[in-house]
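Worksheet: one structure, shown below.
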Amino acid sequence: MVNIVHIITGLDVGGAERALFRLLANRTTSHFNPSVISLLEKGVVGHQIQSLGIPVYTLGMRRGLPGPRALIHLRGLLKKLAPDLIQGWMYHGNLAATVAASSLGLEIPVLWNIRQSLYDLSKERRLTRGVIYGGAWLSERPRLILYNSKTSAFQHEVVGFKPEKTRIIPNGFDYREYHPDRKMRKRLRRELAIPSHTVLIGLIARYHPMKDHANFLQAAAELMKAGAEMKVAFLLAGRGIDLSNGPLTELIRQLGLSSKVILLGEREDIPGLMPALDIATVSSAWGEGFPNVLGEAMACGVPCVATDVGDSAYLIGGTGKVVPPKDFRALAAAWQDLIAAGAKGRKQRGVKARERIIEHFSLSEIVRQYEKLYMEVTP
């Protein structure tokens, strides 16, 4: 039995957190004995992981670098859990894993997992920039550095992360959980009072500058300018996407979109939400690695439009549209092309998108790659 401890920054709903949950929920062997440590709180995903029978521990840190008390707590947990392998997740989790493992004075293999791209470090918070540079300086310490995108690996190597440590494992998607579902589509549209003939364009992302909701909304206004009578609606969901978000609701009002935009807040029923969309969108300005939301939409047979950030273009292939970041006119034009293709044309693209996920990015294959790697680096 191999004890694997996963150390992650936090366990709120997000791409890395959901990737960890899927990896644990779909493990194929009892050879590994996993446990999870969150530097912050347990969060929604932490409770989901616990429901799998996997122990989840929390340090209850405030956001920022782990202080001495947190590192002492983490060291104590690691002594108790006796890991044969430590898997870090995200920048802070990676550094904490390395420092804590070193404090034990044992030769425990540590893996890092980096899941975002680096286009402009100036856009990162000062502390995050410091953690990234610190990671580059310490990057000879982990056994391997896992990236979920080729773009991310290259960009991190440019700022000093050791290229000889690089291993790329893309995100995987459960095409049995995420699939076209007419009943769910009809039910959600009925709940939201969206007519069946209305083209529903969606963005599922937490509220953060890198997600560039302004770009999405400006493109929505541009699209409506092109045809005010167009039967289109826009759905936004994610953490911070609700009526209490003053800047977001004010921008929607200023752009004259109040009657066209639906704000759903954070949702846990993404597999039921996706099939209701006609077009899924990622409008990010930077930071994406290998966007989960694109793969999930594609698995549901929904054609996608994404900005050319991270490995979005590689993931979509020829099944959707890719546009430059921060170009709302290009984004609106791509939507217009898919709207003009009609329901039949969008369905054809959606079928190809789902086939691409099944053939190249199935969750079972990605889990197999992780488990094979864990076998390689443990005795």
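A note on labels: chains of the structure tokens are A, B, ... as shown, every chain counts residues from 1, and ligands are counted from 1 in their shown order.
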
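For region 24-133 of chain A, the set of residues given strand (DSSP E) by DSSP on the backbone reads Phe32, Asn33, Pro34, Ser35, Val36, Ile37, Ser38, Val56, Tyr57, Thr58, Leu85, Ile86, Gln87, Gly88, Trp89, Val110, Leu111, Trp112, Asn113 and Ile114 of chain A.
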
Those same residues, written as an mmCIF file, in the first residue's frame with N, CA, C and O atoms?
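Contents of part-v9.cif, as written:
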data_model
loop_
_atom_site.group_PDB
_atom_site.id
_atom_site.type_symbol
_atom_site.label_atom_id
_atom_site.label_comp_id
_atom_site.auth_asym_id
_atom_site.auth_seq_id
_atom_site.Cartn_x
_atom_site.Cartn_y
_atom_site.Cartn_z
ATOM 1 N N PHE A 32 -3.074 2.344 -3.870
ATOM 2 C CA PHE A 32 -2.777 3.666 -3.330
ATOM 3 C C PHE A 32 -3.739 4.007 -2.196
ATOM 4 O O PHE A 32 -4.949 3.755 -2.292
ATOM 5 N N ASN A 33 -3.200 4.600 -1.156
ATOM 6 C CA ASN A 33 -3.993 5.033 -0.009
ATOM 7 C C ASN A 33 -3.906 6.558 0.073
ATOM 8 O O ASN A 33 -2.958 7.101 0.639
ATOM 9 N N PRO A 34 -4.892 7.276 -0.500
ATOM 10 C CA PRO A 34 -4.785 8.732 -0.584
ATOM 11 C C PRO A 34 -5.342 9.448 0.642
ATOM 12 O O PRO A 34 -6.248 8.965 1.324
ATOM 13 N N SER A 35 -4.803 10.622 0.906
ATOM 14 C CA SER A 35 -5.376 11.568 1.857
ATOM 15 C C SER A 35 -5.095 12.964 1.315
ATOM 16 O O SER A 35 -4.229 13.145 0.447
ATOM 17 N N VAL A 36 -5.841 13.952 1.809
ATOM 18 C CA VAL A 36 -5.766 15.307 1.256
ATOM 19 C C VAL A 36 -5.588 16.304 2.394
ATOM 20 O O VAL A 36 -6.252 16.207 3.432
ATOM 21 N N ILE A 37 -4.693 17.272 2.174
ATOM 22 C CA ILE A 37 -4.506 18.379 3.115
ATOM 23 C C ILE A 37 -4.765 19.688 2.368
ATOM 24 O O ILE A 37 -4.128 19.964 1.349
ATOM 25 N N SER A 38 -5.706 20.478 2.881
ATOM 26 C CA SER A 38 -5.984 21.805 2.333
ATOM 27 C C SER A 38 -5.321 22.855 3.211
ATOM 28 O O SER A 38 -5.485 22.847 4.435
ATOM 29 N N VAL A 56 -9.761 14.178 4.787
ATOM 30 C CA VAL A 56 -9.386 15.532 4.388
ATOM 31 C C VAL A 56 -9.028 16.317 5.639
ATOM 32 O O VAL A 56 -9.819 16.398 6.584
ATOM 33 N N TYR A 57 -7.835 16.893 5.651
ATOM 34 C CA TYR A 57 -7.358 17.683 6.778
ATOM 35 C C TYR A 57 -7.217 19.136 6.331
ATOM 36 O O TYR A 57 -6.917 19.404 5.159
ATOM 37 N N THR A 58 -7.437 20.061 7.242
ATOM 38 C CA THR A 58 -7.326 21.474 6.894
ATOM 39 C C THR A 58 -6.400 22.176 7.869
ATOM 40 O O THR A 58 -6.357 21.847 9.062
ATOM 41 N N LEU A 85 4.635 9.285 -0.956
ATOM 42 C CA LEU A 85 4.654 10.240 -2.060
ATOM 43 C C LEU A 85 3.809 11.441 -1.645
ATOM 44 O O LEU A 85 2.730 11.278 -1.061
ATOM 45 N N ILE A 86 4.307 12.645 -1.946
ATOM 46 C CA ILE A 86 3.536 13.867 -1.702
ATOM 47 C C ILE A 86 3.270 14.539 -3.048
ATOM 48 O O ILE A 86 4.207 14.805 -3.808
ATOM 49 N N GLN A 87 1.996 14.784 -3.325
ATOM 50 C CA GLN A 87 1.597 15.460 -4.565
ATOM 51 C C GLN A 87 1.096 16.856 -4.217
ATOM 52 O O GLN A 87 0.072 17.022 -3.563
ATOM 53 N N GLY A 88 1.847 17.889 -4.625
ATOM 54 C CA GLY A 88 1.393 19.265 -4.446
ATOM 55 C C GLY A 88 0.452 19.664 -5.567
ATOM 56 O O GLY A 88 0.547 19.150 -6.686
ATOM 57 N N TRP A 89 -0.445 20.612 -5.244
ATOM 58 C CA TRP A 89 -1.392 21.139 -6.237
ATOM 59 C C TRP A 89 -1.416 22.658 -6.132
ATOM 60 O O TRP A 89 -1.655 23.201 -5.058
ATOM 61 N N VAL A 110 8.451 14.192 -4.045
ATOM 62 C CA VAL A 110 7.431 15.241 -4.117
ATOM 63 C C VAL A 110 7.177 15.563 -5.584
ATOM 64 O O VAL A 110 8.120 15.751 -6.357
ATOM 65 N N LEU A 111 5.915 15.613 -5.970
ATOM 66 C CA LEU A 111 5.520 16.041 -7.302
ATOM 67 C C LEU A 111 4.789 17.369 -7.189
ATOM 68 O O LEU A 111 4.032 17.583 -6.248
ATOM 69 N N TRP A 112 5.014 18.252 -8.141
ATOM 70 C CA TRP A 112 4.252 19.495 -8.220
ATOM 71 C C TRP A 112 3.212 19.356 -9.321
ATOM 72 O O TRP A 112 3.394 18.606 -10.285
ATOM 73 N N ASN A 113 2.131 20.113 -9.180
ATOM 74 C CA ASN A 113 1.094 20.138 -10.200
ATOM 75 C C ASN A 113 0.735 21.595 -10.466
ATOM 76 O O ASN A 113 0.224 22.279 -9.581
ATOM 77 N N ILE A 114 1.042 22.069 -11.662
ATOM 78 C CA ILE A 114 0.804 23.460 -12.057
ATOM 79 C C ILE A 114 -0.278 23.471 -13.132
ATOM 80 O O ILE A 114 -0.179 22.757 -14.125
#

DSSP on the backbone: which residues in region 184-358 of chain A end up as alpha helix (DSSP H)? Give the answer as number ranges by chain. A: 184-191, 213-226, 246-254, 270-273, 292-299, 312-316, 328-340, 342-358

At a cut-off of 10 Å, can you tabulate as a Markdown table every residue of region 16-129 of chain A near region 148-157 of chain A together with its closest atom pair and the distance in Å to one decimal, using only C-alpha atoms and ordering rows by chain then number?
| residue | atom | partner | partner_atom | distance |
| --- | --- | --- | --- | --- |
| A:Ala16 | CA | A:Asn148 | CA | 9.8 |
| A:Asn113 | CA | A:Asn148 | CA | 8.1 |
| A:Ile114 | CA | A:Asn148 | CA | 7.1 |
| A:Arg115 | CA | A:Asn148 | CA | 5.7 |
| A:Gln116 | CA | A:Ser152 | CA | 6.1 |
| A:Ser117 | CA | A:Ser152 | CA | 4.3 |
| A:Leu118 | CA | A:Gln155 | CA | 5.7 |
| A:Tyr119 | CA | A:Gln155 | CA | 7.4 |
| A:Asp120 | CA | A:Gln155 | CA | 9.9 |

Take the selection from the previous step and output its residues with all heavy atoms, as a PDB file, in the first residue's frame.
ATOM      1  N   ALA A  16      -8.576  23.112 -10.539  1.00  0.00           N
ATOM      2  CA  ALA A  16      -7.625  22.195  -9.911  1.00  0.00           C
ATOM      3  C   ALA A  16      -8.313  21.319  -8.875  1.00  0.00           C
ATOM      4  O   ALA A  16      -8.045  20.116  -8.774  1.00  0.00           O
ATOM      5  CB  ALA A  16      -6.482  22.982  -9.267  1.00  0.00           C
ATOM      6  N   ASN A 113       2.131  20.113  -9.180  1.00  0.00           N
ATOM      7  CA  ASN A 113       1.094  20.138 -10.200  1.00  0.00           C
ATOM      8  C   ASN A 113       0.735  21.595 -10.466  1.00  0.00           C
ATOM      9  O   ASN A 113       0.224  22.279  -9.581  1.00  0.00           O
ATOM     10  CB  ASN A 113      -0.143  19.350  -9.728  1.00  0.00           C
ATOM     11  CG  ASN A 113      -0.994  18.876 -10.879  1.00  0.00           C
ATOM     12  OD1 ASN A 113      -1.205  19.614 -11.832  1.00  0.00           O
ATOM     13  ND2 ASN A 113      -1.489  17.651 -10.791  1.00  0.00           N
ATOM     14  N   ILE A 114       1.042  22.069 -11.662  1.00  0.00           N
ATOM     15  CA  ILE A 114       0.804  23.460 -12.057  1.00  0.00           C
ATOM     16  C   ILE A 114      -0.278  23.471 -13.132  1.00  0.00           C
ATOM     17  O   ILE A 114      -0.179  22.757 -14.125  1.00  0.00           O
ATOM     18  CB  ILE A 114       2.093  24.118 -12.558  1.00  0.00           C
ATOM     19  CG1 ILE A 114       3.090  24.224 -11.399  1.00  0.00           C
ATOM     20  CG2 ILE A 114       1.813  25.489 -13.164  1.00  0.00           C
ATOM     21  CD1 ILE A 114       4.444  24.770 -11.777  1.00  0.00           C
ATOM     22  N   ARG A 115      -1.295  24.323 -12.935  1.00  0.00           N
ATOM     23  CA  ARG A 115      -2.481  24.230 -13.762  1.00  0.00           C
ATOM     24  C   ARG A 115      -2.927  25.580 -14.328  1.00  0.00           C
ATOM     25  O   ARG A 115      -4.116  25.794 -14.588  1.00  0.00           O
ATOM     26  CB  ARG A 115      -3.609  23.585 -12.955  1.00  0.00           C
ATOM     27  CG  ARG A 115      -3.165  22.284 -12.274  1.00  0.00           C
ATOM     28  CD  ARG A 115      -4.293  21.563 -11.610  1.00  0.00           C
ATOM     29  NE  ARG A 115      -5.235  21.027 -12.568  1.00  0.00           N
ATOM     30  CZ  ARG A 115      -5.056  19.918 -13.264  1.00  0.00           C
ATOM     31  NH1 ARG A 115      -3.931  19.218 -13.141  1.00  0.00           N
ATOM     32  NH2 ARG A 115      -5.976  19.499 -14.102  1.00  0.00           N
ATOM     33  N   GLN A 116      -1.985  26.504 -14.489  1.00  0.00           N
ATOM     34  CA  GLN A 116      -2.339  27.758 -15.143  1.00  0.00           C
ATOM     35  C   GLN A 116      -1.200  28.189 -16.039  1.00  0.00           C
ATOM     36  O   GLN A 116      -0.069  27.724 -15.896  1.00  0.00           O
ATOM     37  CB  GLN A 116      -2.667  28.850 -14.128  1.00  0.00           C
ATOM     38  CG  GLN A 116      -1.464  29.476 -13.441  1.00  0.00           C
ATOM     39  CD  GLN A 116      -1.857  30.722 -12.667  1.00  0.00           C
ATOM     40  OE1 GLN A 116      -2.614  30.660 -11.713  1.00  0.00           O
ATOM     41  NE2 GLN A 116      -1.321  31.869 -13.075  1.00  0.00           N
ATOM     42  N   SER A 117      -1.526  29.061 -16.977  1.00  0.00           N
ATOM     43  CA  SER A 117      -0.503  29.584 -17.877  1.00  0.00           C
ATOM     44  C   SER A 117       0.004  30.921 -17.352  1.00  0.00           C
ATOM     45  O   SER A 117      -0.572  31.518 -16.443  1.00  0.00           O
ATOM     46  CB  SER A 117      -1.079  29.748 -19.290  1.00  0.00           C
ATOM     47  OG  SER A 117      -2.256  30.544 -19.275  1.00  0.00           O
ATOM     48  N   LEU A 118       1.113  31.381 -17.911  1.00  0.00           N
ATOM     49  CA  LEU A 118       1.748  32.630 -17.483  1.00  0.00           C
ATOM     50  C   LEU A 118       1.961  33.524 -18.698  1.00  0.00           C
ATOM     51  O   LEU A 118       2.946  33.364 -19.411  1.00  0.00           O
ATOM     52  CB  LEU A 118       3.106  32.349 -16.829  1.00  0.00           C
ATOM     53  CG  LEU A 118       3.144  31.767 -15.427  1.00  0.00           C
ATOM     54  CD1 LEU A 118       4.598  31.568 -15.011  1.00  0.00           C
ATOM     55  CD2 LEU A 118       2.423  32.663 -14.447  1.00  0.00           C
ATOM     56  N   TYR A 119       1.047  34.442 -18.922  1.00  0.00           N
ATOM     57  CA  TYR A 119       1.200  35.351 -20.055  1.00  0.00           C
ATOM     58  C   TYR A 119       1.839  36.666 -19.629  1.00  0.00           C
ATOM     59  O   TYR A 119       2.638  37.253 -20.348  1.00  0.00           O
ATOM     60  CB  TYR A 119      -0.161  35.617 -20.713  1.00  0.00           C
ATOM     61  CG  TYR A 119      -0.618  34.472 -21.572  1.00  0.00           C
ATOM     62  CD1 TYR A 119      -1.334  33.419 -21.029  1.00  0.00           C
ATOM     63  CD2 TYR A 119      -0.297  34.412 -22.928  1.00  0.00           C
ATOM     64  CE1 TYR A 119      -1.741  32.343 -21.805  1.00  0.00           C
ATOM     65  CE2 TYR A 119      -0.693  33.342 -23.716  1.00  0.00           C
ATOM     66  CZ  TYR A 119      -1.415  32.316 -23.151  1.00  0.00           C
ATOM     67  OH  TYR A 119      -1.800  31.248 -23.915  1.00  0.00           O
ATOM     68  N   ASP A 120       1.483  37.145 -18.457  1.00  0.00           N
ATOM     69  CA  ASP A 120       1.979  38.441 -18.004  1.00  0.00           C
ATOM     70  C   ASP A 120       2.009  38.414 -16.482  1.00  0.00           C
ATOM     71  O   ASP A 120       0.974  38.546 -15.823  1.00  0.00           O
ATOM     72  CB  ASP A 120       1.065  39.561 -18.516  1.00  0.00           C
ATOM     73  CG  ASP A 120       1.622  40.948 -18.221  1.00  0.00           C
ATOM     74  OD1 ASP A 120       2.579  41.038 -17.436  1.00  0.00           O
ATOM     75  OD2 ASP A 120       1.092  41.923 -18.776  1.00  0.00           O
TER      76      ASP A 120
END

Determine, for each residue of region 287-366 of chain A having at least one atom at most 6 Å from an atom of region 216-219 of chain A, the closest pair of atoms and their separation in Å to one decimal, counting only C-alpha atoms; order by chain and ascending number, as a tab-separated table.
residue	atom	partner	partner_atom	distance
A:Phe328	CA	A:Ala219	CA	4.5
A:Arg329	CA	A:Ala219	CA	5.9
A:Leu331	CA	A:Ala219	CA	6.0
A:Ala332	CA	A:Ala219	CA	4.8

Judged by only C-alpha atoms, the minimum distance to Asp181 (chain A) among A:Leu146, A:Ser283, A:Ala299, A:Lys123 is found for A:Ala299

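Each of A:Leu77, A:Ile201, A:Ile7, A:Leu235 was checked against Val302 (chain A) using only C-alpha atoms; the smallest atom-to-atom distance is that of A:Ile201.
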
Could you jot down the CA of Leu264 (chain A) to CA of Asn245 (chain A) separation for me, Å, one decimal place? 11.8 Å

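Restricting the calculation to only C-alpha atoms, the smallest distance between Gln254 (chain A) and any of A:Val13, A:Leu121, A:Ala214, A:Ile72 is found for A:Ala214.
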
Excluding same-chain residues fewer than 2 positions from Leu188 (chain A), what lies within 8 Å of it counting only C-alpha atoms, as a count of residues only? 9

Judged by only C-alpha atoms, the minimum distance to Pro379 (chain A) among A:Thr28, A:Glu107, A:Phe173, A:Arg22 is found for A:Glu107

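In this comparison, which uses only C-alpha atoms, the residue of A:Gly287, A:Gly320, A:Pro271, A:Pro163 approaching His208 (chain A) most closely is A:Gly287.
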
Contacts of Trp137 (chain A) at 10 Å or less, counting only C-alpha atoms, minus same-chain residues fewer than 2 places along, as a VMD selection string? chain A and resid 131 to 135 139 to 141 159 to 162
